[in-house]
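J.: Next comes the structure file query10.pdb, holding PDB, C-alpha atoms.
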```pdb
MODEL        1
ATOM      1  CA  MET F   1       0.000   0.000   0.000
ATOM      2  CA  LYS F   2       2.841   2.374   0.831
ATOM      3  CA  MET F   3       4.423   1.671  -2.538
ATOM      4  CA  ILE F   4       1.220   2.601  -4.375
ATOM      5  CA  GLN F   5       0.868   5.823  -2.382
ATOM      6  CA  SER F   6       4.480   6.773  -3.100
ATOM      7  CA  CYS F   7       4.116   6.084  -6.812
ATOM      8  CA  VAL F   8       0.862   8.021  -7.117
ATOM      9  CA  LEU F   9       2.325  10.996  -5.232
ATOM     10  CA  PHE F  10       5.420  10.897  -7.432
ATOM     11  CA  PHE F  11       3.350  10.867 -10.638
ATOM     12  CA  ILE F  12       1.203  13.798  -9.436
ATOM     13  CA  VAL F  13       4.251  15.917  -8.604
ATOM     14  CA  PHE F  14       5.991  14.881 -11.821
ATOM     15  CA  THR F  15       2.941  15.757 -13.934
ATOM     16  CA  ILE F  16       2.688  19.203 -12.318
ATOM     17  CA  MET F  17       6.388  19.821 -12.974
ATOM     18  CA  MET F  18       6.043  18.770 -16.608
ATOM     19  CA  GLU F  19       3.090  21.132 -17.103
ATOM     20  CA  LEU F  20       5.035  24.041 -15.622
ATOM     21  CA  LEU F  21       7.993  23.525 -17.974
ATOM     22  CA  PRO F  22       7.807  25.151 -21.386
ATOM     23  CA  SER F  23       7.652  22.680 -24.245
ATOM     24  CA  GLY F  24      10.980  22.167 -25.878
ATOM     25  CA  SER F  25      14.254  20.413 -25.327
ATOM     26  CA  PHE F  26      14.074  20.352 -21.512
ATOM     27  CA  GLN F  27      11.034  18.070 -21.444
ATOM     28  CA  LYS F  28      12.879  15.072 -22.843
ATOM     29  CA  TYR F  29      15.547  15.445 -20.144
ATOM     30  CA  MET F  30      12.889  15.820 -17.457
ATOM     31  CA  LYS F  31      11.179  12.654 -18.688
ATOM     32  CA  LEU F  32      14.496  10.803 -18.543
ATOM     33  CA  MET F  33      15.258  12.045 -15.021
ATOM     34  CA  GLY F  34      11.688  11.375 -13.906
ATOM     35  CA  GLY F  35      11.925   7.808 -15.161
ATOM     36  CA  LEU F  36      15.204   7.242 -13.339
ATOM     37  CA  MET F  37      13.814   8.763 -10.155
ATOM     38  CA  PHE F  38      10.737   6.560 -10.417
ATOM     39  CA  LEU F  39      12.917   3.444 -10.779
ATOM     40  CA  MET F  40      14.897   4.457  -7.691
ATOM     41  CA  LEU F  41      11.682   5.029  -5.738
ATOM     42  CA  PHE F  42      10.271   1.710  -6.922
ATOM     43  CA  PHE F  43      13.344  -0.319  -5.962
ATOM     44  CA  GLN F  44      13.689   1.473  -2.644
ATOM     45  CA  THR F  45      10.128   0.577  -1.653
ATOM     46  CA  ILE F  46      10.541  -3.034  -2.764
ATOM     47  CA  PHE F  47      13.943  -3.798  -1.289
ATOM     48  CA  GLY F  48      13.861  -1.338   1.594
ATOM     49  CA  THR F  49      16.692   0.704   2.997
ATOM     50  CA  GLU F  50      17.207  -1.618   5.982
ATOM     51  CA  LYS F  51      18.297  -4.468   3.746
ATOM     52  CA  LEU F  52      20.837  -2.341   1.903
ATOM     53  CA  LEU F  53      22.513  -0.656   4.865
ATOM     54  CA  PRO F  54      24.492  -3.620   6.236
ATOM     55  CA  SER F  55      26.238  -4.212   2.923
ATOM     56  CA  LEU F  56      26.942  -0.489   2.573
ATOM     57  CA  TYR F  57      28.533  -0.379   6.016
ATOM     58  CA  ARG F  58      30.535  -3.519   5.286
ATOM     59  CA  ASN F  59      31.817  -2.177   1.952
ATOM     60  CA  TYR F  60      32.749   1.167   3.499
ATOM     61  CA  TYR F  61      34.539  -0.603   6.318
ATOM     62  CA  LYS F  62      36.519  -2.819   3.931
ATOM     63  CA  HIS F  63      37.547   0.236   1.911
ATOM     64  CA  VAL F  64      38.783   2.054   5.014
ATOM     65  CA  GLN F  65      40.548  -1.068   6.319
ATOM     66  CA  GLN F  66      42.562  -1.371   3.129
ATOM     67  CA  SER F  67      43.735   2.236   3.348
ATOM     68  CA  PRO F  68      47.331   2.304   4.696
ATOM     69  CA  ASP F  69      46.996   5.646   6.516
ATOM     70  CA  MET F  70      44.149   4.357   8.718
ATOM     71  CA  ALA F  71      46.138   1.536  10.342
ATOM     72  CA  GLU F  72      46.108   3.021  13.863
ATOM     73  CA  GLY F  73      42.396   3.788  13.857
ATOM     74  CA  LYS F  74      41.169   0.302  12.940
ATOM     75  CA  GLU F  75      40.111  -0.647  16.451
ATOM     76  CA  ALA F  76      38.094   2.542  16.959
ATOM     77  CA  LEU F  77      36.472   2.120  13.576
ATOM     78  CA  MET F  78      35.589  -1.491  14.374
ATOM     79  CA  ASP F  79      33.944  -0.424  17.649
ATOM     80  CA  GLU F  80      31.973   2.305  15.867
ATOM     81  CA  TYR F  81      30.832  -0.129  13.197
ATOM     82  CA  GLN F  82      29.725  -2.595  15.870
ATOM     83  CA  GLU F  83      27.755   0.117  17.717
ATOM     84  CA  GLN F  84      26.075   1.192  14.485
ATOM     85  CA  LEU F  85      24.999  -2.373  13.786
ATOM     86  CA  GLU F  86      23.591  -2.746  17.320
ATOM     87  CA  THR F  87      21.682   0.533  17.007
ATOM     88  CA  GLN F  88      20.414  -0.424  13.574
ATOM     89  CA  ILE F  89      19.139  -3.818  14.728
ATOM     90  CA  CYS F  90      17.483  -2.275  17.775
ATOM     91  CA  SER F  91      15.660   0.396  15.765
ATOM     92  CA  PHE F  92      14.728  -2.148  13.071
ATOM     93  CA  LEU F  93      13.026  -4.371  15.655
ATOM     94  CA  GLU F  94      11.402  -1.472  17.513
ATOM     95  CA  GLN F  95       9.801  -0.336  14.254
ATOM     96  CA  ASP F  96       8.043  -3.701  14.165
ATOM     97  CA  GLY F  97       6.754  -3.206  17.722
ATOM     98  CA  TYR F  98       9.194  -5.350  19.681
ATOM     99  CA  GLU F  99      10.611  -4.097  22.976
ATOM    100  CA  VAL F 100      14.347  -4.707  22.861
ATOM    101  CA  ALA F 101      16.222  -4.982  26.147
ATOM    102  CA  ARG F 102      19.695  -5.621  24.739
ATOM    103  CA  VAL F 103      21.429  -6.191  21.430
ATOM    104  CA  ARG F 104      24.938  -7.603  21.298
ATOM    105  CA  VAL F 105      26.871  -7.956  18.050
ATOM    106  CA  MET F 106      30.074  -9.973  17.759
ATOM    107  CA  MET F 107      32.550  -9.385  14.954
ATOM    108  CA  LYS F 108      35.078 -11.826  13.520
ATOM    109  CA  ASP F 109      37.558 -10.997  10.762
ATOM    110  CA  GLN F 110      35.933  -7.575  10.242
ATOM    111  CA  GLN F 111      32.523  -9.110   9.538
ATOM    112  CA  LEU F 112      29.365  -9.728  11.509
ATOM    113  CA  SER F 113      29.590 -13.197  13.028
ATOM    114  CA  LYS F 114      26.985 -13.444  15.800
ATOM    115  CA  VAL F 115      23.944 -11.495  17.014
ATOM    116  CA  THR F 116      22.384 -11.921  20.462
ATOM    117  CA  ILE F 117      19.109 -10.158  21.255
ATOM    118  CA  ARG F 118      17.130 -10.042  24.483
ATOM    119  CA  LEU F 119      13.476  -9.061  24.088
ATOM    120  CA  LYS F 120      11.167  -7.697  26.782
ATOM    121  CA  HIS F 121       7.693  -9.197  27.106
ATOM    122  CA  ALA F 122       8.125 -11.701  24.290
ATOM    123  CA  ASP F 123       7.231 -15.328  23.899
ATOM    124  CA  GLU F 124       8.762 -18.098  21.806
ATOM    125  CA  TYR F 125       6.731 -17.144  18.735
ATOM    126  CA  ASP F 126       8.083 -13.577  18.868
ATOM    127  CA  ALA F 127      11.623 -14.926  19.164
ATOM    128  CA  ILE F 128      11.130 -17.031  16.033
ATOM    129  CA  GLN F 129       9.666 -14.056  14.142
ATOM    130  CA  VAL F 130      12.570 -11.803  15.137
ATOM    131  CA  LYS F 131      15.084 -14.447  14.108
ATOM    132  CA  ASN F 132      13.400 -14.822  10.713
ATOM    133  CA  LYS F 133      13.398 -11.044  10.187
ATOM    134  CA  LEU F 134      17.100 -10.836  10.954
ATOM    135  CA  LEU F 135      17.841 -13.787   8.666
ATOM    136  CA  GLU F 136      16.179 -11.861   5.816
ATOM    137  CA  VAL F 137      18.311  -8.785   6.406
ATOM    138  CA  TYR F 138      21.720 -10.139   7.417
ATOM    139  CA  SER F 139      23.572 -12.899   5.634
ATOM    140  CA  LEU F 140      24.240 -15.072   8.666
ATOM    141  CA  ASP F 141      23.711 -18.722   9.421
ATOM    142  CA  GLU F 142      20.630 -19.430  11.524
ATOM    143  CA  SER F 143      22.794 -20.725  14.366
ATOM    144  CA  HIS F 144      24.563 -17.343  14.610
ATOM    145  CA  ILE F 145      21.434 -15.445  15.655
ATOM    146  CA  ASN F 146      20.289 -15.944  19.252
ATOM    147  CA  VAL F 147      17.021 -14.435  20.422
ATOM    148  CA  GLU F 148      16.212 -14.621  24.127
ATOM    149  CA  SER F 149      12.874 -13.698  25.602
TER     150      SER F 149
ENDMDL
END
```
For the file at hand, write its structure as structure tokens.
T.:
Amino acid sequence: MKMIQSCVLFFIVFTIMMELLPSGSFQKYMKLMGGLMFLMLFFQTIFGTEKLLPSLYRNYYKHVQQSPDMAEGKEALMDEYQEQLETQICSFLEQDGYEVARVRVMMKDQQLSKVTIRLKHADEYDAIQVKNKLLEVYSLDESHINVES
């Protein structure tokens, strides 16, 4: 439903912009840019930003790790990356209505290796649902995600 609302709103705004532009050479460029923007909006609503962020963080981290002038700051960067992942997982689960007591992320060889989550007021069904949600987002083995209730 959100995707349909976003697309309809985009087409309304795009149509108004096209009517305000004088006819001529700029309209073909506006149509091209509008089509590209629509594709970006479409893929963002389908895939979601939450699923893309972990790979973006990981790629940024690998790029910085390979830089020779950042050798002394690797530990601080690793801690920051770990905190960002914990915050991201916590906010991701809270958006779905879960009360998160604690999130702990373990790193191994500069990659996410284990996630431990403690939920407040949750039963076994909620723990299974949270585990499945995290399996969709992060490329981990099922045994590397622990959800405690």
J.: Mind giving me the straight-line distance from CA of Thr87 in chain F to CA of Glu124 in chain F in Å, one decimal?
T.: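 Pair CA of Thr87 in chain F / CA of Glu124 in chain F returns 23.2 Å.
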J.: Residue by residue, what does the PyMOL selection byres ((chain F and resi 141) around 12) grab here? Present the result as a compact mmCIF listing (two decimals) with C-alpha atoms, keeping the file's coordinate frame.
T.:
```txt
# COMPACT_ATOMS: atom_id res chain seq x y z
CA LEU F 112 29.36 -9.73 11.51
CA SER F 113 29.59 -13.20 13.03
CA LYS F 114 26.98 -13.44 15.80
CA VAL F 115 23.94 -11.50 17.01
CA LYS F 131 15.08 -14.45 14.11
CA ASN F 132 13.40 -14.82 10.71
CA LEU F 134 17.10 -10.84 10.95
CA LEU F 135 17.84 -13.79 8.67
CA GLU F 136 16.18 -11.86 5.82
CA VAL F 137 18.31 -8.78 6.41
CA TYR F 138 21.72 -10.14 7.42
CA SER F 139 23.57 -12.90 5.63
CA LEU F 140 24.24 -15.07 8.67
CA GLU F 142 20.63 -19.43 11.52
CA SER F 143 22.79 -20.72 14.37
CA HIS F 144 24.56 -17.34 14.61
CA ILE F 145 21.43 -15.44 15.66
CA ASN F 146 20.29 -15.94 19.25
```
J.: Pick the closest to Gly97 in chain F from F:Ala76, F:Leu85, F:Val130, F:Met17: which is it, counting all atoms listed in the file?
T.: F:Val130
J.: With the PyMOL selection byres ((chain F and resi 105) around 7) as the selection, what would be picked from this file? Answer as a VMD selection string, please.
T.: chain F and resid 82 86 103 to 104 106 to 107 114 to 116
J.: Mind pulling up the distance from CA of Val147 in chain F to CA of Gln129 in chain F?
T.: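 Spanning CA of Gln129 in chain F to CA of Val147 in chain F is a straight-line distance of 9.7 Å.
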J.: Give me, as an mmCIF file with C-alpha atoms, keeping the file's coordinate frame, all polymer residues having an atom no more than 8 Å from range 27-43 of chain F, counting all atoms listed in the file and skipping those fewer than 4 positions away in the same chain.
T.:
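Heads up, here's the output in out27.cif:
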```
data_model
loop_
_atom_site.group_PDB
_atom_site.id
_atom_site.type_symbol
_atom_site.label_atom_id
_atom_site.label_comp_id
_atom_site.auth_asym_id
_atom_site.auth_seq_id
_atom_site.Cartn_x
_atom_site.Cartn_y
_atom_site.Cartn_z
ATOM 1 C CA MET F 3 4.423 1.671 -2.538
ATOM 2 C CA SER F 6 4.480 6.773 -3.100
ATOM 3 C CA CYS F 7 4.116 6.084 -6.812
ATOM 4 C CA PHE F 10 5.420 10.897 -7.432
ATOM 5 C CA PHE F 14 5.991 14.881 -11.821
ATOM 6 C CA MET F 18 6.043 18.770 -16.608
ATOM 7 C CA LEU F 21 7.993 23.525 -17.974
ATOM 8 C CA PRO F 22 7.807 25.151 -21.386
ATOM 9 C CA SER F 23 7.652 22.680 -24.245
ATOM 10 C CA PHE F 47 13.943 -3.798 -1.289
ATOM 11 C CA GLY F 48 13.861 -1.338 1.594
#
```
J.: To one decimal place, how far is CA of Ile46 in chain F from CA of Cys90 in chain F in Å?
T.: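 Computing the Euclidean distance for CA of Ile46 in chain F and CA of Cys90 in chain F yields 21.7 Å.
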J.: Between F:Ser149, F:Gln44, F:Gln88, F:Gln95, which residue has the minimum interatomic distance to Arg118 in chain F, considering all atoms listed in the file?
T.: F:Ser149
J.: Box for range 121-140 of chain F - axis-aligned, 4 Å on each of the six sides, all listed atoms - centre and size in Å to one decimal, as lines of an AutoDock Vina configuration file.
T.:
```
center_x = 15.5
center_y = -13.4
center_z = 16.4
size_x = 25.5
size_y = 17.3
size_z = 29.5
```
